[in-house]
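S.K.: So here's target_38.cif, just mmCIF, C-alpha atoms:
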data_my_file
loop_
_atom_site.group_PDB
_atom_site.id
_atom_site.type_symbol
_atom_site.label_atom_id
_atom_site.label_comp_id
_atom_site.auth_asym_id
_atom_site.auth_seq_id
_atom_site.Cartn_x
_atom_site.Cartn_y
_atom_site.Cartn_z
ATOM 1 C CA MET A 853 -12.283 -7.524 3.758
ATOM 2 C CA THR A 854 -11.918 -5.466 6.929
ATOM 3 C CA VAL A 855 -10.700 -1.912 7.060
ATOM 4 C CA SER A 856 -9.031 0.191 9.707
ATOM 5 C CA PRO A 857 -9.893 3.853 9.048
ATOM 6 C CA LEU A 858 -7.329 6.628 8.758
ATOM 7 C CA SER A 859 -7.734 7.733 12.357
ATOM 8 C CA GLU A 860 -7.161 4.404 14.130
ATOM 9 C CA PRO A 861 -3.626 3.159 14.779
ATOM 10 C CA ALA A 862 -2.758 -0.363 13.748
ATOM 11 C CA PHE A 863 0.212 -2.417 14.808
ATOM 12 C CA ALA A 864 2.481 -4.605 12.718
ATOM 13 C CA SER A 865 4.803 -7.148 14.198
ATOM 14 C CA CYS A 866 8.183 -6.878 12.548
ATOM 15 C CA GLY A 867 10.154 -9.570 14.350
ATOM 16 C CA ASN A 868 13.908 -9.445 14.112
ATOM 17 C CA ILE A 869 14.794 -7.544 10.977
ATOM 18 C CA GLN A 870 18.395 -7.955 9.914
ATOM 19 C CA ARG A 871 18.554 -4.896 7.672
ATOM 20 C CA ALA A 872 18.450 -1.906 10.005
ATOM 21 C CA ASN A 873 18.845 0.443 7.036
ATOM 22 C CA LEU A 874 15.592 -0.866 5.564
ATOM 23 C CA LEU A 875 13.408 -0.388 8.593
ATOM 24 C CA ASN A 876 13.949 0.296 12.264
ATOM 25 C CA CYS A 877 11.076 -1.419 14.028
ATOM 26 C CA PHE A 878 11.774 -0.177 17.542
ATOM 27 C CA GLU A 879 12.702 -3.806 18.282
ATOM 28 C CA PHE A 880 9.556 -5.863 17.647
ATOM 29 C CA SER A 881 6.661 -3.577 16.829
ATOM 30 C CA LEU A 882 5.946 -0.505 14.771
ATOM 31 C CA GLN A 883 2.886 1.610 15.259
ATOM 32 C CA LEU A 884 1.161 2.318 11.977
ATOM 33 C CA GLN A 885 -0.961 5.444 11.878
ATOM 34 C CA ARG A 886 -2.745 7.538 9.298
ATOM 35 C CA GLY A 887 -3.684 4.905 6.819
ATOM 36 C CA GLN A 888 -5.883 1.937 6.083
ATOM 37 C CA LEU A 889 -5.383 -1.666 7.075
ATOM 38 C CA LEU A 890 -7.009 -4.074 4.624
ATOM 39 C CA THR A 891 -7.283 -7.837 4.712
ATOM 40 C CA VAL A 892 -7.234 -9.852 1.522
ATOM 41 C CA PRO A 893 -6.971 -13.603 0.933
ATOM 42 C CA ALA A 894 -3.376 -14.548 1.780
ATOM 43 C CA TYR A 895 -2.899 -16.452 -1.491
ATOM 44 C CA LEU A 896 -3.143 -13.142 -3.388
ATOM 45 C CA VAL A 897 0.115 -11.892 -1.832
ATOM 46 C CA LYS A 898 3.179 -13.731 -3.089
ATOM 47 C CA ARG A 899 6.253 -14.035 -0.935
ATOM 48 C CA ARG A 900 8.830 -11.556 -2.191
ATOM 49 C CA LYS A 901 12.174 -10.259 -1.053
ATOM 50 C CA GLN A 902 10.641 -6.839 -0.353
ATOM 51 C CA HIS A 903 7.208 -6.324 1.227
ATOM 52 C CA PHE A 904 7.670 -2.755 2.533
ATOM 53 C CA HIS A 905 7.306 -0.171 -0.234
ATOM 54 C CA HIS A 906 7.663 3.601 -0.074
ATOM 55 C CA LEU A 907 5.686 5.150 -2.925
ATOM 56 C CA GLU A 908 7.419 8.503 -3.246
ATOM 57 C CA GLN A 909 5.066 9.875 -5.899
ATOM 58 C CA TYR A 910 2.164 9.452 -3.433
ATOM 59 C CA ASP A 911 4.072 10.145 -0.186
ATOM 60 C CA ALA A 912 2.659 6.841 1.049
ATOM 61 C CA ASP A 913 3.838 3.495 2.359
ATOM 62 C CA LEU A 914 2.495 0.161 1.179
ATOM 63 C CA ILE A 915 3.076 -3.030 3.135
ATOM 64 C CA LEU A 916 1.968 -6.280 1.518
ATOM 65 C CA GLY A 917 1.892 -8.938 4.226
ATOM 66 C CA CYS A 918 2.089 -12.607 3.261
ATOM 67 C CA ASN A 919 -0.653 -13.215 5.838
ATOM 68 C CA GLY A 920 -3.132 -11.151 3.799
ATOM 69 C CA PHE A 921 -2.817 -7.890 5.707
ATOM 70 C CA VAL A 922 -2.172 -4.882 3.483
ATOM 71 C CA TRP A 923 -1.265 -1.490 4.931
ATOM 72 C CA VAL A 924 -1.603 1.717 2.912
ATOM 73 C CA GLY A 925 -0.693 4.829 4.841
ATOM 74 C CA GLU A 926 1.160 8.091 5.070
ATOM 75 C CA HIS A 927 4.915 7.682 4.774
ATOM 76 C CA ALA A 928 6.447 7.161 8.192
ATOM 77 C CA VAL A 929 9.965 8.511 8.619
ATOM 78 C CA VAL A 930 11.958 6.286 10.955
ATOM 79 C CA ASP A 931 15.112 7.743 12.469
ATOM 80 C CA GLU A 932 17.642 5.233 13.801
ATOM 81 C CA GLU A 933 19.357 7.637 16.185
ATOM 82 C CA THR A 934 16.611 8.508 18.653
ATOM 83 C CA ASN A 935 15.968 7.568 22.212
ATOM 84 C CA SER A 936 12.620 6.675 23.732
ATOM 85 C CA ASN A 937 11.942 10.186 25.145
ATOM 86 C CA GLU A 938 12.464 11.741 21.725
ATOM 87 C CA ASP A 939 10.215 9.067 20.198
ATOM 88 C CA GLN A 940 7.450 9.867 22.689
ATOM 89 C CA HIS A 941 7.766 13.605 21.985
ATOM 90 C CA LYS A 942 7.756 13.087 18.202
ATOM 91 C CA LEU A 943 4.758 10.777 18.462
ATOM 92 C CA SER A 944 2.762 13.340 20.451
ATOM 93 C CA MET A 945 3.688 16.070 17.953
ATOM 94 C CA GLU A 946 2.692 13.841 15.013
ATOM 95 C CA VAL A 947 -0.724 13.198 16.536
ATOM 96 C CA GLU A 948 -1.368 16.940 16.514
ATOM 97 C CA ALA A 949 -0.315 17.304 12.861
ATOM 98 C CA PHE A 950 -2.694 16.490 10.033
ATOM 99 C CA THR A 951 -2.199 14.367 6.957
ATOM 100 C CA PRO A 952 -2.403 16.583 3.854
ATOM 101 C CA LEU A 953 -5.604 16.195 1.851
ATOM 102 C CA GLU A 954 -3.757 15.149 -1.315
ATOM 103 C CA THR A 955 -1.941 12.384 0.596
ATOM 104 C CA ARG A 956 -5.256 11.193 2.032
ATOM 105 C CA ARG A 957 -6.674 11.012 -1.477
ATOM 106 C CA HIS A 958 -3.684 8.983 -2.656
ATOM 107 C CA ILE A 959 -4.047 6.612 0.301
ATOM 108 C CA CYS A 960 -7.748 6.098 -0.451
ATOM 109 C CA ARG A 961 -7.089 5.610 -4.169
ATOM 110 C CA LEU A 962 -4.372 3.021 -3.472
ATOM 111 C CA ALA A 963 -6.577 1.243 -0.904
ATOM 112 C CA ASN A 964 -9.445 1.103 -3.402
ATOM 113 C CA ALA A 965 -7.062 -0.304 -6.014
ATOM 114 C CA VAL A 966 -6.193 -3.091 -3.536
ATOM 115 C CA ARG A 967 -9.904 -3.720 -2.928
ATOM 116 C CA VAL A 968 -10.670 -3.946 -6.660
ATOM 117 C CA LEU A 969 -7.734 -6.239 -7.424
ATOM 118 C CA SER A 970 -8.567 -8.443 -4.451
ATOM 119 C CA ALA A 971 -12.231 -8.734 -5.441
ATOM 120 C CA LEU A 972 -11.163 -9.728 -8.972
ATOM 121 C CA GLY A 973 -8.765 -12.325 -7.565
ATOM 122 C CA PHE A 974 -5.589 -10.842 -9.037
ATOM 123 C CA THR A 975 -2.230 -11.417 -7.352
ATOM 124 C CA LEU A 976 -1.254 -8.203 -5.586
ATOM 125 C CA THR A 977 2.006 -6.584 -6.620
ATOM 126 C CA VAL A 978 3.089 -3.037 -5.980
ATOM 127 C CA GLU A 979 3.300 -2.449 -9.752
ATOM 128 C CA LEU A 980 -0.250 -3.663 -10.385
ATOM 129 C CA ILE A 981 -1.623 -1.614 -7.476
ATOM 130 C CA ILE A 982 0.050 1.538 -8.815
ATOM 131 C CA GLN A 983 -1.160 0.812 -12.372
ATOM 132 C CA THR A 984 -4.720 0.378 -11.133
ATOM 133 C CA ALA A 985 -4.610 3.597 -9.096
ATOM 134 C CA GLU A 986 -3.098 5.461 -12.059
ATOM 135 C CA ALA A 987 -5.743 4.038 -14.405
ATOM 136 C CA GLY A 988 -8.462 5.420 -12.165
ATOM 137 C CA LEU A 989 -6.727 8.785 -12.038
ATOM 138 C CA SER A 990 -6.081 8.988 -15.798
ATOM 139 C CA SER A 991 -9.659 8.041 -16.680
ATOM 140 C CA ASP A 992 -11.002 10.646 -14.219
ATOM 141 C CA VAL A 993 -12.714 8.071 -12.001
ATOM 142 C CA GLU A 994 -13.524 9.526 -8.593
ATOM 143 C CA ILE A 995 -12.096 7.666 -5.612
ATOM 144 C CA ASN A 996 -15.480 6.379 -4.450
ATOM 145 C CA ASN A 997 -16.420 5.337 -8.013
ATOM 146 C CA MET A 998 -13.400 3.036 -8.187
ATOM 147 C CA LEU A 999 -15.543 0.496 -6.330
ATOM 148 C CA GLY A 1000 -18.268 0.628 -8.987
ATOM 149 C CA ALA A 1001 -18.945 -2.099 -11.537
ATOM 150 C CA GLU A 1002 -17.655 -0.056 -14.484
ATOM 151 C CA PHE A 1003 -14.181 0.332 -12.991
ATOM 152 C CA TYR A 1004 -14.093 -3.387 -12.093
ATOM 153 C CA VAL A 1005 -14.775 -4.226 -15.756
ATOM 154 C CA GLN A 1006 -12.142 -1.751 -16.981
ATOM 155 C CA THR A 1007 -9.587 -3.233 -14.581
ATOM 156 C CA ALA A 1008 -10.371 -6.822 -15.585
ATOM 157 C CA GLU A 1009 -10.133 -5.928 -19.296
ATOM 158 C CA ARG A 1010 -6.851 -4.071 -18.809
ATOM 159 C CA GLU A 1011 -5.340 -7.008 -16.897
ATOM 160 C CA ALA A 1012 -6.589 -9.531 -19.498
ATOM 161 C CA LYS A 1013 -4.980 -7.438 -22.251
ATOM 162 C CA ARG A 1014 -1.724 -7.163 -20.283
ATOM 163 C CA ARG A 1015 -1.612 -10.928 -19.735
ATOM 164 C CA ALA A 1016 -2.392 -11.641 -23.412
ATOM 165 C CA ASP A 1017 0.395 -9.286 -24.505
ATOM 166 C CA LEU A 1018 2.786 -10.938 -22.058
ATOM 167 C CA SER A 1019 1.814 -14.382 -23.292
ATOM 168 C CA ARG A 1020 2.385 -13.313 -26.914
ATOM 169 C CA ARG A 1021 5.838 -11.964 -26.036
ATOM 170 C CA MET A 1022 6.770 -15.166 -24.196
ATOM 171 C CA ASN A 1023 5.517 -17.532 -26.917
ATOM 172 C CA GLY A 1024 6.401 -15.350 -29.877
ATOM 173 C CA PRO A 1025 4.040 -14.347 -32.694
ATOM 174 C CA ARG A 1026 2.044 -17.166 -34.290
#
Would you mind writing the file's structure down as structure tokens?
M.R.:
Amino acid sequence: MTVSPLSEPAFASCGNIQRANLLNCFEFSLQLQRGQLLTVPAYLVKRRKQHFHHLEQYDADLILGCNGFVWVGEHAVVDEETNSNEDQHKLSMEVEAFTPLETRRHICRLANAVRVLSALGFTLTVELIIQTAEAGLSSDVEINNMLGAEFYVQTAEREAKRRADLSRRMNGPR
């Protein structure tokens, strides 16, 4: 798994997106800043209708790419009614601004949740990533300790229990 740190910009190719209300990609590319770019095995990311997620409670964006690239970063506000000069000015002003510490913590916690789930071989969904990050927060696990063996075991046990409960609901009580 490779990581792009919070300070390095990464680029995502958006192609022709039909829904301009969903995301304005400045034609073909969008510069992603202030976040982490992770790579996971592509088979862990299922093709869905929606791969761009704004997590309002964390003020973060999560992009789950079918190619195995996962972006977790500060929420980027995209305005459809700007021209290139305004974009350049906004970009230079954003570079000078800092990401709030709490947002950075949320980004790191979400990125570590992706790392844990990927290492355990679980299919990545936005719901499971949020549940894993919340589990670490509710059990008072520090961000860096989320990558420890104890949290891996807790996550695997929680997912096994969730799957068993789901299986029981689908098959009915026996």
S.K.: With distances taken over all atoms listed in the file, which of A:Ala971, A:Asn1023, A:Asn964, A:Ala1016 is nearest to Met998 in chain A?
M.R.: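 Looking at the shortest contact to Met998 in chain A, the residue is A:Asn964.
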S.K.: Give as a list of chain:residue names the residues that the PyMOL selection byres ((chain A and resi 897) around 9) matches when applied to the coordinates above.
M.R.: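 The output of the PyMOL selection byres ((chain A and resi 897) around 9) on this file is A:Val892, A:Pro893, A:Ala894, A:Tyr895, A:Leu896, A:Lys898, A:Arg899, A:Arg900, A:Leu916, A:Gly917, A:Cys918, A:Asn919, A:Gly920, A:Thr975, A:Leu976, A:Thr977.
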S.K.: Here's the selection I'm unsure about, the PyMOL selection byres ((chain A and resi 978) around 9); applied to the file above, which residues does it give, as a ChimeraX atom specification?
M.R.: /A:903,905,914,916,976-977,979-983
S.K.: To verify the selection step, state as a VMD selection string which residues the PyMOL selection byres ((chain A and resi 952) around 12) yields on this input.
M.R.: chain A and resid 886 910 to 912 925 to 927 949 to 951 953 to 959
S.K.: Using C-alpha atoms, can you write the selected residues to a file as an mmCIF file, in the frame of the given file?
M.R.:
data_model
loop_
_atom_site.group_PDB
_atom_site.id
_atom_site.type_symbol
_atom_site.label_atom_id
_atom_site.label_comp_id
_atom_site.auth_asym_id
_atom_site.auth_seq_id
_atom_site.Cartn_x
_atom_site.Cartn_y
_atom_site.Cartn_z
ATOM 1 C CA ARG A 886 -2.745 7.538 9.298
ATOM 2 C CA TYR A 910 2.164 9.452 -3.433
ATOM 3 C CA ASP A 911 4.072 10.145 -0.186
ATOM 4 C CA ALA A 912 2.659 6.841 1.049
ATOM 5 C CA GLY A 925 -0.693 4.829 4.841
ATOM 6 C CA GLU A 926 1.160 8.091 5.070
ATOM 7 C CA HIS A 927 4.915 7.682 4.774
ATOM 8 C CA ALA A 949 -0.315 17.304 12.861
ATOM 9 C CA PHE A 950 -2.694 16.490 10.033
ATOM 10 C CA THR A 951 -2.199 14.367 6.957
ATOM 11 C CA LEU A 953 -5.604 16.195 1.851
ATOM 12 C CA GLU A 954 -3.757 15.149 -1.315
ATOM 13 C CA THR A 955 -1.941 12.384 0.596
ATOM 14 C CA ARG A 956 -5.256 11.193 2.032
ATOM 15 C CA ARG A 957 -6.674 11.012 -1.477
ATOM 16 C CA HIS A 958 -3.684 8.983 -2.656
ATOM 17 C CA ILE A 959 -4.047 6.612 0.301
#
S.K.: What does the distance between CA of Gly1000 in chain A and CA of Ala985 in chain A come to in Å, to one decimal place?
M.R.: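 Between CA of Gly1000 in chain A and CA of Ala985 in chain A the gap works out to 14.0 Å.
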S.K.: Counting all atoms listed in the file, which residue out of A:Val924, A:Leu907, A:Leu972, A:Cys960 sits closest to Val1005 in chain A?
M.R.: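 Of A:Val924, A:Leu907, A:Leu972, A:Cys960, the one nearest Val1005 in chain A, counting all atoms listed in the file, is A:Leu972.
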S.K.: Considering all atoms listed in the file, return as a ChimeraX atom specification whatever protein or nucleic-acid residues lie within 9 Å of Thr1007 in chain A, sequence-local ones (same chain, fewer than 6 positions apart) excluded.
M.R.: /A:968-969,972,984,987
